[in-house]
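Shown here: final.cif, mmCIF, C-alpha atoms.
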data_my_file
#
loop_
_atom_site.label_atom_id
_atom_site.label_comp_id
_atom_site.auth_asym_id
_atom_site.auth_seq_id
_atom_site.Cartn_x
_atom_site.Cartn_y
_atom_site.Cartn_z
CA MET A 1 -9.67 39.97 -26.38
CA ASN A 2 -8.15 36.69 -27.49
CA THR A 3 -10.70 34.97 -29.68
CA LEU A 4 -9.32 31.55 -28.68
CA LEU A 5 -11.03 31.84 -25.31
CA VAL A 6 -14.37 33.07 -26.66
CA GLY A 7 -17.07 30.52 -25.96
CA LEU A 8 -14.91 28.59 -23.53
CA ALA A 9 -16.90 27.02 -20.71
CA ALA A 10 -14.39 27.10 -17.88
CA LEU A 11 -14.75 25.47 -14.49
CA ILE A 12 -12.19 26.77 -11.99
CA ILE A 13 -11.56 24.98 -8.71
CA GLY A 14 -9.01 25.90 -6.11
CA ASP A 15 -7.94 26.35 -2.52
CA SER A 16 -7.82 29.44 -0.32
CA HIS A 17 -6.44 31.47 -3.23
CA MET A 18 -10.06 31.36 -4.45
CA VAL A 19 -11.92 32.07 -1.23
CA SER A 20 -11.54 35.80 -0.57
CA ARG A 21 -13.07 38.62 -2.55
CA ASP A 22 -9.82 40.01 -3.96
CA HIS A 23 -8.35 36.58 -4.73
CA LEU A 24 -8.41 34.65 -8.01
CA ILE A 25 -12.17 34.15 -7.70
CA THR A 26 -12.35 37.79 -8.72
CA THR A 27 -9.21 38.45 -10.74
CA LEU A 28 -8.78 35.29 -12.83
CA HIS A 29 -12.53 34.82 -13.10
CA ASP A 30 -13.02 38.39 -14.36
CA ASP A 31 -10.12 38.10 -16.79
CA LEU A 32 -11.54 34.96 -18.39
CA VAL A 33 -15.03 36.45 -18.56
CA ALA A 34 -13.52 39.50 -20.24
CA GLN A 35 -11.98 37.15 -22.81
CA GLY A 36 -15.43 35.86 -23.67
CA ALA A 37 -15.45 32.69 -21.60
CA ALA A 38 -18.36 31.39 -19.52
CA VAL A 39 -16.82 30.84 -16.10
CA ASN A 40 -17.86 29.05 -12.92
CA THR A 41 -15.44 29.19 -10.01
CA TYR A 42 -15.36 27.21 -6.76
CA GLY A 43 -12.92 27.49 -3.90
CA MET A 44 -12.44 25.55 -0.67
CA CYS A 45 -10.07 27.01 1.92
CA GLY A 46 -7.46 24.50 3.02
CA ALA A 47 -8.66 21.86 0.59
CA VAL A 48 -6.38 19.22 -0.89
CA ALA A 49 -7.06 17.36 -4.13
CA ALA A 50 -8.73 14.46 -2.32
CA ASP A 51 -11.34 16.79 -0.83
CA TRP A 52 -12.80 17.30 -4.31
CA ILE A 53 -13.24 13.53 -4.67
CA HIS A 54 -14.18 12.18 -1.23
CA PRO A 55 -16.72 13.84 1.05
CA ALA A 56 -14.89 16.09 3.50
CA THR A 57 -15.56 19.08 5.68
CA VAL A 58 -14.21 22.49 4.80
CA SER A 59 -12.50 24.05 7.78
CA CYS A 60 -12.09 27.69 6.86
CA GLY A 61 -14.64 28.67 4.26
CA LYS A 62 -15.69 28.08 0.72
CA ALA A 63 -16.78 30.26 -2.16
CA GLU A 64 -18.35 30.10 -5.55
CA ARG A 65 -18.99 32.47 -8.39
CA HIS A 66 -20.95 32.15 -11.61
CA GLY A 67 -20.51 34.27 -14.72
CA LYS A 68 -20.83 37.97 -14.06
CA GLU A 69 -22.39 37.54 -10.64
CA GLY A 70 -20.37 38.44 -7.59
CA PRO A 71 -18.60 35.84 -5.46
CA GLU A 72 -20.56 34.10 -2.72
CA ILE A 73 -18.24 33.51 0.22
CA ASP A 74 -19.25 31.47 3.25
CA ARG A 75 -16.94 31.23 6.26
CA THR A 76 -19.19 28.88 8.23
CA PRO A 77 -16.96 26.17 9.73
CA ASN A 78 -17.26 22.50 8.85
CA MET A 79 -19.28 22.84 5.66
CA PRO A 80 -19.50 19.88 3.28
CA SER A 81 -17.08 19.90 0.42
CA TYR A 82 -17.83 20.38 -3.26
CA HIS A 83 -17.51 17.26 -5.40
CA ILE A 84 -15.72 17.43 -8.75
CA GLU A 85 -18.03 15.04 -10.55
CA ALA A 86 -21.12 16.94 -9.43
CA LEU A 87 -19.58 20.18 -10.68
CA LEU A 88 -18.65 18.62 -14.02
CA ALA A 89 -22.19 17.29 -14.43
CA LYS A 90 -23.72 20.62 -13.46
CA HIS A 91 -21.64 22.97 -15.62
CA LYS A 92 -20.49 20.71 -18.47
CA PRO A 93 -17.23 22.62 -18.93
CA ASN A 94 -14.90 22.23 -21.88
CA LEU A 95 -11.95 23.31 -19.75
CA VAL A 96 -11.20 22.67 -16.08
CA ILE A 97 -8.65 24.83 -14.31
CA VAL A 98 -7.33 23.45 -11.03
CA GLU A 99 -5.41 25.81 -8.77
CA MET A 100 -3.79 23.87 -5.94
CA GLY A 101 -0.43 23.17 -4.34
CA ASP A 102 0.11 25.13 -1.15
CA THR A 103 -2.21 22.90 0.88
CA MET A 104 -0.27 19.75 -0.01
CA ALA A 105 3.34 20.97 -0.02
CA ALA A 106 4.08 20.15 3.63
CA TYR A 107 5.62 23.50 4.43
CA GLY A 108 7.66 23.30 7.60
CA GLN A 109 8.40 19.61 7.19
CA ARG A 110 11.63 18.02 6.04
CA ASP A 111 10.17 15.79 3.35
CA LEU A 112 7.75 16.45 0.53
CA PRO A 113 5.12 13.69 0.87
CA GLN A 114 5.32 12.69 -2.76
CA ALA A 115 3.24 9.53 -2.59
CA TRP A 116 0.49 11.23 -0.62
CA ILE A 117 0.36 14.13 -3.09
CA TYR A 118 0.61 11.89 -6.13
CA GLN A 119 -2.23 9.61 -5.16
CA GLN A 120 -4.77 12.39 -4.79
CA VAL A 121 -3.57 14.51 -7.70
CA HIS A 122 -3.69 11.48 -9.99
CA ALA A 123 -7.14 10.60 -8.69
CA LEU A 124 -8.48 14.11 -9.30
CA THR A 125 -7.01 14.47 -12.79
CA GLY A 126 -8.32 10.98 -13.54
CA ARG A 127 -11.89 12.02 -12.67
CA ILE A 128 -11.62 14.95 -15.07
CA ALA A 129 -9.89 12.98 -17.82
CA ALA A 130 -12.48 10.22 -17.56
CA GLN A 131 -14.97 12.68 -19.03
CA ASN A 132 -12.59 13.73 -21.81
CA ILE A 133 -12.39 17.28 -20.54
CA PRO A 134 -9.08 19.08 -21.02
CA CYS A 135 -7.60 20.54 -17.89
CA VAL A 136 -4.90 22.88 -16.71
CA TRP A 137 -3.29 22.71 -13.28
CA VAL A 138 -1.98 25.97 -11.80
CA GLY A 139 0.81 25.56 -9.28
CA PRO A 140 1.53 27.81 -6.30
CA PRO A 141 3.26 31.20 -6.42
CA TRP A 142 6.48 31.81 -4.50
CA GLY A 143 4.90 33.51 -1.48
CA THR A 144 7.27 34.82 1.14
CA GLU A 145 9.45 33.13 3.73
CA GLY A 146 9.60 33.45 7.49
CA THR A 147 5.91 33.31 8.39
CA SER A 148 3.68 30.90 10.32
CA TYR A 149 2.88 29.10 7.07
CA HIS A 150 6.54 28.04 6.95
CA LYS A 151 6.56 28.47 3.20
CA THR A 152 10.03 28.40 1.69
CA PHE A 153 11.16 29.17 -1.83
CA ALA A 154 13.01 25.84 -1.99
CA ARG A 155 9.86 23.86 -1.15
CA VAL A 156 7.72 25.87 -3.59
CA LYS A 157 10.25 25.08 -6.32
CA GLN A 158 10.31 21.40 -5.32
CA MET A 159 6.52 21.21 -5.23
CA SER A 160 6.19 22.94 -8.61
CA GLU A 161 8.69 20.57 -10.21
CA PHE A 162 6.86 17.60 -8.71
CA LEU A 163 3.45 18.80 -9.87
CA ALA A 164 4.85 19.27 -13.38
CA THR A 165 5.52 15.53 -13.57
CA VAL A 166 2.31 14.26 -11.99
CA VAL A 167 -0.64 16.35 -13.23
CA ALA A 168 -0.86 14.82 -16.71
CA PRO A 169 -3.07 14.60 -18.68
CA CYS A 170 -3.64 18.13 -17.36
CA ARG A 171 -1.26 20.78 -18.65
CA PHE A 172 0.77 22.48 -15.94
CA ILE A 173 1.18 26.21 -15.34
CA ASP A 174 4.21 26.90 -13.16
CA SER A 175 3.27 30.08 -11.29
CA THR A 176 6.85 30.57 -10.08
CA GLN A 177 7.74 31.55 -13.65
CA TYR A 178 5.71 34.72 -13.33
CA SER A 179 7.91 36.42 -10.77
CA THR A 180 11.18 36.13 -8.94
CA ALA A 181 11.14 34.52 -5.49
CA GLY A 182 9.60 36.96 -3.01
CA GLU A 183 8.80 39.55 -5.66
CA TRP A 184 5.08 39.37 -5.05
CA PRO A 185 4.35 40.53 -1.49
CA THR A 186 1.99 38.53 0.70
CA ILE A 187 -0.20 39.33 3.67
CA ASP A 188 0.79 36.20 5.62
CA GLY A 189 3.48 34.37 3.68
CA GLN A 190 1.02 32.46 1.53
CA HIS A 191 -1.76 34.76 0.38
CA LEU A 192 -0.89 37.59 -1.97
CA THR A 193 -1.93 41.20 -1.74
CA ALA A 194 -4.80 42.36 -3.95
CA ALA A 195 -2.27 43.64 -6.46
CA GLY A 196 -0.57 40.27 -6.47
CA TYR A 197 -3.78 38.41 -7.19
CA LYS A 198 -4.49 40.82 -10.02
CA THR A 199 -1.09 40.15 -11.57
CA TRP A 200 -1.35 36.39 -11.00
CA GLY A 201 -4.79 36.32 -12.65
CA VAL A 202 -3.54 38.23 -15.69
CA ASP A 203 -0.53 35.94 -16.00
CA ILE A 204 -2.63 32.76 -15.78
CA THR A 205 -5.02 34.13 -18.41
CA SER A 206 -2.06 34.92 -20.65
CA SER A 207 -0.79 31.35 -20.26
CA LEU A 208 -4.24 29.98 -21.06
CA ASP A 209 -4.31 32.15 -24.18
CA GLN A 210 -1.09 30.55 -25.32
CA MET A 211 -2.24 27.04 -24.45
CA ALA A 212 -5.71 27.35 -25.98
CA PRO A 213 -4.80 25.98 -29.44
CA GLN A 214 -3.31 22.86 -27.84
CA LEU A 215 -6.17 22.12 -25.48
CA GLU A 216 -8.22 19.30 -26.88
CA GLN A 217 -11.89 20.07 -27.10
CA ARG A 218 -14.46 17.75 -25.68
CA PRO A 219 -16.14 15.70 -28.43
CA MET B 1 -8.53 10.68 12.51
CA SER B 2 -8.96 11.06 8.82
CA ARG B 3 -12.16 12.44 7.41
CA VAL B 4 -11.59 10.53 4.22
CA MET B 5 -11.24 6.86 5.01
CA THR B 6 -12.28 3.67 3.31
CA ARG B 7 -14.03 0.83 5.11
CA ARG B 8 -10.77 -1.13 5.09
CA HIS B 9 -8.89 1.86 6.42
CA ARG B 10 -11.35 2.18 9.29
CA ARG B 11 -10.90 -1.52 10.02
CA LEU B 12 -7.15 -1.09 10.07
CA ALA B 13 -7.47 1.87 12.35
CA GLY B 14 -9.01 -0.42 14.94
CA LEU B 15 -5.87 -2.47 15.13
CA ALA B 16 -3.57 -1.74 17.99
CA LEU B 17 -0.89 -2.81 15.55
CA LEU B 18 -1.41 0.37 13.67
CA ALA B 19 -3.49 2.53 15.93
CA ALA B 20 -0.50 4.25 17.40
CA ALA B 21 0.89 4.82 13.98
CA LEU B 22 -2.12 6.04 12.05
CA HIS B 23 -2.31 9.76 11.79
CA GLY B 24 -4.50 11.78 14.10
CA GLY B 25 -4.19 13.30 17.50
CA VAL B 26 -0.70 14.45 16.74
CA THR B 27 0.96 17.80 17.24
CA ASP B 28 0.90 20.10 14.26
CA ALA B 29 4.59 20.56 13.68
CA ALA B 30 3.88 23.41 11.30
CA GLY B 31 2.60 25.64 14.10
CA ASP B 32 -0.28 28.09 14.12
CA GLN B 33 -1.33 27.99 10.51
CA LEU B 34 -4.88 28.73 9.49
CA TYR B 35 -4.87 25.27 7.95
CA PRO B 36 -2.20 22.55 7.69
CA SER B 37 -0.13 21.91 4.62
CA GLY B 38 0.18 18.15 4.31
CA PRO B 39 0.38 15.44 6.97
CA PRO B 40 1.87 17.16 10.04
CA ASN B 41 4.25 14.30 10.82
CA GLY B 42 4.85 12.99 7.34
CA VAL B 43 3.37 9.83 5.93
CA ALA B 44 4.43 6.31 5.02
CA TYR B 45 2.48 3.31 3.78
CA ILE B 46 2.21 -0.37 4.66
CA ARG B 47 0.40 -3.30 3.04
CA PHE B 48 0.16 -7.02 3.71
CA VAL B 49 0.29 -9.73 1.06
CA ASN B 50 -0.68 -13.37 1.51
CA LEU B 51 1.11 -15.80 -0.79
CA ALA B 52 0.29 -18.81 1.38
CA PRO B 53 -2.36 -21.37 0.37
CA GLN B 54 -4.54 -20.55 3.38
CA GLU B 55 -5.89 -17.37 4.94
CA VAL B 56 -3.39 -15.32 6.96
CA THR B 57 -4.41 -13.02 9.78
CA ILE B 58 -2.59 -9.96 11.07
CA VAL B 59 -3.24 -9.81 14.79
CA SER B 60 -2.98 -7.24 17.54
CA PRO B 61 -4.33 -7.33 21.11
CA SER B 62 -7.50 -5.53 20.03
CA ALA B 63 -8.29 -6.65 16.50
CA LYS B 64 -7.25 -8.67 13.50
CA ILE B 65 -7.30 -8.45 9.72
CA ALA B 66 -7.89 -11.53 7.60
CA ILE B 67 -6.04 -11.69 4.29
CA PRO B 68 -7.70 -14.22 1.99
CA ALA B 69 -5.77 -16.76 -0.07
CA ASP B 70 -7.53 -16.14 -3.37
CA ASP B 71 -5.64 -14.24 -6.04
CA GLU B 72 -8.21 -11.43 -6.16
CA HIS B 73 -7.64 -10.53 -2.53
CA ARG B 74 -4.12 -11.68 -1.66
CA VAL B 75 -2.62 -8.23 -2.03
CA GLY B 76 -3.85 -5.59 0.39
CA GLN B 77 -3.90 -1.90 -0.29
CA PHE B 78 -1.31 0.49 1.06
CA ASP B 79 -2.56 2.17 4.21
CA ALA B 80 -1.08 5.34 5.66
CA VAL B 81 0.94 5.21 8.87
CA THR B 82 3.01 7.75 10.74
CA PRO B 83 6.74 7.49 10.10
CA GLY B 84 8.92 6.81 13.12
CA VAL B 85 6.21 5.10 15.16
CA ALA B 86 6.73 1.45 16.10
CA LEU B 87 4.24 -0.94 14.52
CA THR B 88 3.90 -4.16 16.45
CA GLY B 89 1.72 -7.23 16.06
CA SER B 90 1.92 -10.69 14.58
CA ALA B 91 0.95 -12.70 11.54
CA LYS B 92 -0.77 -16.07 11.93
CA LEU B 93 -1.22 -18.96 9.53
CA GLY B 94 -3.07 -21.79 11.21
CA GLU B 95 -1.14 -22.44 14.42
CA ALA B 96 2.02 -20.76 13.16
CA SER B 97 2.79 -17.23 14.22
CA LYS B 98 5.46 -14.64 13.43
CA PRO B 99 5.98 -11.29 15.16
CA ILE B 100 5.83 -8.00 13.28
CA ALA B 101 7.91 -5.07 14.48
CA LEU B 102 8.44 -2.24 12.04
CA LYS B 103 9.23 1.45 12.03
CA LEU B 104 8.83 3.26 8.74
CA VAL B 105 10.64 6.31 7.40
CA PRO B 106 8.86 9.19 5.64
CA ASN B 107 7.53 8.34 2.18
CA GLU B 108 8.44 4.69 2.63
CA PHE B 109 6.29 1.90 1.17
CA VAL B 110 6.57 -1.33 3.12
CA THR B 111 5.17 -4.60 1.81
CA VAL B 112 4.97 -7.53 4.24
CA VAL B 113 4.58 -10.83 2.39
CA ALA B 114 3.49 -14.01 4.17
CA THR B 115 4.42 -17.40 2.71
CA ALA B 116 3.87 -20.92 4.00
CA GLU B 117 7.47 -21.98 4.49
CA GLY B 118 10.20 -22.01 7.10
CA ALA B 119 10.63 -23.92 10.33
CA ASN B 120 7.09 -23.45 11.63
CA GLY B 121 5.33 -23.15 8.27
CA LEU B 122 5.10 -19.35 8.13
CA SER B 123 7.65 -16.90 6.83
CA LEU B 124 7.42 -13.12 6.53
CA THR B 125 9.44 -11.17 3.99
CA VAL B 126 9.55 -7.41 4.38
CA PHE B 127 10.19 -5.26 1.32
CA ARG B 128 11.14 -1.63 1.95
CA ASP B 129 10.96 0.90 -0.84
CA VAL B 130 11.06 4.70 -0.96
CA PRO B 131 9.83 5.36 -4.48
CA THR B 132 10.62 8.61 -6.25
CA ASP B 133 9.47 7.64 -9.72
CA PHE B 134 6.02 9.21 -9.67
CA ASN B 135 5.09 10.15 -13.23
CA ALA B 136 1.59 10.52 -14.63
CA LEU B 137 2.71 9.66 -18.16
CA LYS B 138 4.33 6.33 -17.33
CA SER B 139 3.42 3.11 -15.56
CA SER B 140 5.58 1.87 -12.71
CA LEU B 141 6.24 -1.87 -12.58
CA ALA B 142 7.73 -3.53 -9.50
CA MET B 143 8.74 -7.15 -9.11
CA PHE B 144 9.01 -8.67 -5.64
CA ASN B 145 11.00 -11.89 -5.41
CA VAL B 146 9.81 -14.06 -2.52
CA ASP B 147 11.18 -17.27 -4.05
CA LYS B 148 14.36 -18.25 -2.21
CA GLY B 149 15.10 -20.76 -4.97
CA CYS B 150 15.25 -18.11 -7.66
CA THR B 151 18.49 -16.20 -7.31
CA GLU B 152 17.92 -13.86 -10.26
CA ALA B 153 14.28 -13.32 -11.13
CA GLN B 154 13.34 -11.30 -14.15
CA LEU B 155 10.17 -9.80 -15.59
CA VAL B 156 9.89 -10.32 -19.31
CA ALA B 157 7.43 -9.00 -21.89
CA GLY B 158 6.16 -9.93 -25.30
CA ASP B 159 6.59 -12.92 -27.56
CA ASN B 160 10.33 -12.39 -27.63
CA HIS B 161 10.53 -12.34 -23.82
CA MET B 162 12.24 -8.97 -23.69
CA SER B 163 13.71 -8.32 -20.25
CA VAL B 164 11.92 -5.49 -18.43
CA ILE B 165 13.31 -6.01 -14.92
CA HIS B 166 16.17 -8.41 -14.26
CA GLY B 167 18.54 -9.65 -11.61
CA VAL B 168 16.11 -9.44 -8.71
CA ALA B 169 17.47 -11.47 -5.79
CA PRO B 170 15.27 -13.22 -3.21
CA GLY B 171 13.97 -10.66 -0.73
CA ALA B 172 14.59 -7.80 -3.14
CA VAL B 173 12.34 -5.64 -5.29
CA GLY B 174 13.13 -4.40 -8.78
CA ARG B 175 11.31 -1.43 -10.27
CA ARG B 176 11.09 0.18 -13.69
CA MET B 177 9.01 2.83 -15.41
CA VAL B 178 7.46 1.70 -18.69
CA ASN B 179 5.12 3.12 -21.27
CA PRO B 180 1.46 2.39 -20.56
CA VAL B 181 0.93 -0.53 -22.92
CA LYS B 182 -0.93 -3.82 -23.06
CA ALA B 183 1.61 -6.61 -23.15
CA GLN B 184 2.04 -10.23 -22.16
CA PHE B 185 4.26 -10.20 -19.09
CA GLY B 186 5.89 -13.15 -17.41
CA VAL B 187 8.30 -13.90 -14.61
CA ALA B 188 11.33 -16.03 -15.43
CA CYS B 189 13.92 -17.64 -13.29
CA GLY B 190 16.55 -18.75 -15.73
CA GLU B 191 15.29 -19.36 -19.25
CA PRO B 192 13.04 -16.41 -20.30
CA ALA B 193 11.02 -18.61 -22.63
CA GLN B 194 9.89 -20.61 -19.57
CA ALA B 195 8.38 -17.54 -17.88
CA THR B 196 5.29 -17.90 -15.72
CA PRO B 197 2.56 -15.51 -16.96
CA ALA B 198 1.95 -12.34 -14.94
CA LYS B 199 -1.48 -11.09 -15.95
CA LEU B 200 -1.49 -7.32 -15.70
CA GLY B 201 -3.70 -6.46 -18.68
CA GLN B 202 -3.63 -2.93 -20.00
CA LEU B 203 -1.23 -0.73 -18.06
CA ASP B 204 -2.63 2.72 -17.39
CA ALA B 205 -0.58 5.89 -17.39
CA GLY B 206 0.29 7.04 -13.91
CA ASP B 207 -0.63 3.76 -12.24
CA ARG B 208 1.68 1.47 -10.30
CA TYR B 209 1.78 -2.32 -10.48
CA SER B 210 3.28 -5.12 -8.40
CA VAL B 211 4.32 -8.60 -9.51
CA PHE B 212 5.11 -11.18 -6.84
CA LEU B 213 7.10 -14.36 -7.39
CA ALA B 214 6.91 -17.11 -4.76
CA ALA B 215 7.59 -20.82 -4.54
CA SER B 216 4.61 -23.12 -4.15
CA ALA B 217 3.94 -26.83 -3.88
CA SER B 218 2.94 -26.89 -7.55
CA GLY B 219 5.84 -24.83 -8.84
CA ARG B 220 6.42 -21.10 -9.05
CA LYS B 221 3.49 -18.87 -8.23
CA VAL B 222 3.07 -15.40 -9.72
CA VAL B 223 0.56 -12.83 -8.51
CA ALA B 224 0.26 -9.54 -10.37
CA GLN B 225 -1.98 -6.57 -9.78
CA ARG B 226 -2.37 -2.81 -9.77
CA ASP B 227 -1.31 -1.13 -6.52
CA GLU B 228 -4.07 0.39 -4.44
CA GLN B 229 -3.40 3.18 -1.96
CA ALA B 230 -6.04 4.13 0.56
CA PRO B 231 -6.97 7.82 0.47
CA PHE B 232 -5.73 9.58 3.55
CA ARG B 233 -6.67 13.02 4.86
CA PRO B 234 -4.70 14.26 7.90
#
How does this structure look as structure tokens?
Amino acid sequence: MNTLLVGLAALIIGDSHMVSRDHLITTLHDDLVAQGAAVNTYGMCGAVAADWIHPATVSCGKAERHGKEGPEIDRTPNMPSYHIEALLAKHKPNLVIVEMGDTMAAYGQRDLPQAWIYQQVHALTGRIAAQNIPCVWVGPPWGTEGTSYHKTFARVKQMSEFLATVVAPCRFIDSTQYSTAGEWPTIDGQHLTAAGYKTWGVDITSSLDQMAPQLEQRP
Amino acid sequence: MSRVMTRRHRRLAGLALLAAALHGGVTDAAGDQLYPSGPPNGVAYIRFVNLAPQEVTIVSPSAKIAIPADDEHRVGQFDAVTPGVALTGSAKLGEASKPIALKLVPNEFVTVVATAEGANGLSLTVFRDVPTDFNALKSSLAMFNVDKGCTEAQLVAGDNHMSVIHGVAPGAVGRRMVNPVKAQFGVACGEPAQATPAKLGQLDAGDRYSVFLAASASGRKVVAQRDEQAPFRP
């Protein structure tokens, strides 16, 4: 156990990588709890950053998990979205972890919609920063090419490099650094196997361990 | 149509000028994904700015937008449109009218500025910009020169009138990333010490700002403000 994470009150929000039982809602969440952190995790399938700010409907399921309880996953279509400020008020975290990227990377399109991504990422990080809560943004993993998600290694690299410049004041975790392109198998091009999510969760936790001394604590 | 739209965005959506261009009802180019990844046909942005002394309206066969002539409301927000789709309509100032016909490219920001000049008392200047300078640690300053009498406009800062952006020709836009500071900015055409104040206040990290220079009956007019971009959810 890394004592730097003991007592951490972590709020994790993310996209579909958080919305199935063997995804990060289990692996990353469990890893942080094992490190002594109090963890609340929320996921919205298909959600972009703006969906955590403006009321939206969630098209393909959402999930939440609290402490050592199991994940609650609801696949009912068109559910209302979670709102970041309500979650911050409810859980009073001293660290927010945002996992997002695949839903905004415009896979299959020629151009990365930088302005569209930037506006909502900046708005979301601004809501968190306005409450003086440190945050970490986790970018997407490589995935695999040649599927209906149209994910390509080149676009994942481009998206990760873009996120690295626009998520401040959040710190950025570049998930592509954890593996070589295509090394982690997927079930559909975008979502990893259970083993992949386990490895990804361990790697994120390790990065958080290293970052912990630099993360400003809320006054 | 977007699930996340502002009141102004909804009003814009009613315009035939933009209705064909606003996202929605379009084919998902990415195919049979469980959910889309970004706007299926890309995205671009357009805004209208009124630097005339009276209200300007942007008109289409089905609706119109009024752009007030007070400094608080002269600069509209950027609204999302679909790249490659023709935007048609007209701008009106009193009895004067000018046609609008634009087609944007992906990630383009278009600013249409109306001024009370020209043969029939209304002129439109279109500024086209594809910014790539997004950075959450810096502030982005842009200066738009709409003053045909100022061949080389410059944005200066501080008591010593340090040049921040220079050499901006009429009809052109100059842009620069700066540290998020609070400084006295001004727009000069010629002698920097004679700059007209551009009141931007404290610059915030990650935000973008526009400064407009135009001619007016009482001398040079400068309008400065933070850029606003309507949230858009495809």
Just want the 12 Å neighbourhood of Ile133 of chain A, counted on all atoms listed in the file, with same-chain residues fewer than 5 positions away dropped. Output as a VMD selection string.
chain A and resid 8 to 11 85 88 to 89 91 to 97 125 to 128 169 to 171 215 to 219
Result set, the PyMOL selection byres ((chain A) within 8 of (chain B)) on current file, as a ChimeraX atom specification:
/A:46,50,54-57,59-60,102-109,111,113-116,118-120,122,148-150,165-169
Keeping C-alpha atoms for every residue in the selection just given, could you write it to a file as a tab-separated table (two decimals), in the coordinates of the input?
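Output (selection_11.tsv):
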chain	number	residue	atom	x	y	z
A	46	GLY	CA	-7.46	24.50	3.02
A	50	ALA	CA	-8.73	14.46	-2.32
A	54	HIS	CA	-14.18	12.18	-1.23
A	55	PRO	CA	-16.72	13.84	1.05
A	56	ALA	CA	-14.89	16.09	3.50
A	57	THR	CA	-15.56	19.08	5.68
A	59	SER	CA	-12.50	24.05	7.78
A	60	CYS	CA	-12.09	27.69	6.86
A	102	ASP	CA	0.11	25.13	-1.15
A	103	THR	CA	-2.21	22.90	0.88
A	104	MET	CA	-0.27	19.75	-0.01
A	105	ALA	CA	3.34	20.97	-0.02
A	106	ALA	CA	4.08	20.15	3.63
A	107	TYR	CA	5.62	23.50	4.43
A	108	GLY	CA	7.66	23.30	7.60
A	109	GLN	CA	8.40	19.61	7.19
A	111	ASP	CA	10.17	15.79	3.35
A	113	PRO	CA	5.12	13.69	0.87
A	114	GLN	CA	5.32	12.69	-2.76
A	115	ALA	CA	3.24	9.53	-2.59
A	116	TRP	CA	0.49	11.23	-0.62
A	118	TYR	CA	0.61	11.89	-6.13
A	119	GLN	CA	-2.23	9.61	-5.16
A	120	GLN	CA	-4.77	12.39	-4.79
A	122	HIS	CA	-3.69	11.48	-9.99
A	148	SER	CA	3.68	30.90	10.32
A	149	TYR	CA	2.88	29.10	7.07
A	150	HIS	CA	6.54	28.04	6.95
A	165	THR	CA	5.52	15.53	-13.57
A	166	VAL	CA	2.31	14.26	-11.99
A	167	VAL	CA	-0.64	16.35	-13.23
A	168	ALA	CA	-0.86	14.82	-16.71
A	169	PRO	CA	-3.07	14.60	-18.68
I'd like the neighbourhood of Ile25 of chain A as number ranges by chain, where a residue qualifies if any of its atoms comes within 9 Å (using all atoms listed in the file), though same-chain residues fewer than 3 positions away should be ignored.
A: 12, 14, 17-22, 28-30, 41-43, 63-65, 71
Report as a list in words the full result of the PyMOL selection byres ((chain A and resi 178) around 9) when it is applied to this structure.
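Selection result, ordered by chain and number: Pro141, Asp174, Ser175, Thr176, Gln177, Ser179, Thr180, Thr199, Trp200, Asp203 and Ile204 of chain A.
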Given the file above and the PyMOL selection byres ((chain B and resi 141) around 6), which residues are selected, and can you give them as a PDB file with C-alpha atoms, in the frame of the given file?
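The resulting file, part_35.pdb, is shown below:
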ATOM      1  CA  SER B 140       5.580   1.870 -12.710  1.00  0.00           C
ATOM      2  CA  ALA B 142       7.730  -3.530  -9.500  1.00  0.00           C
ATOM      3  CA  ARG B 175      11.310  -1.430 -10.270  1.00  0.00           C
ATOM      4  CA  ARG B 176      11.090   0.180 -13.690  1.00  0.00           C
ATOM      5  CA  TYR B 209       1.780  -2.320 -10.480  1.00  0.00           C
TER       6      TYR B 209
END
Show which residues sit within 8 Å of Cys150 of chain B, as a list of chain:residue names. Count all atoms listed in the file, and ignore same-chain residues fewer than 6 positions away.
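Residues meeting the cut-off are B:Ala169, B:Pro170, B:Cys189.
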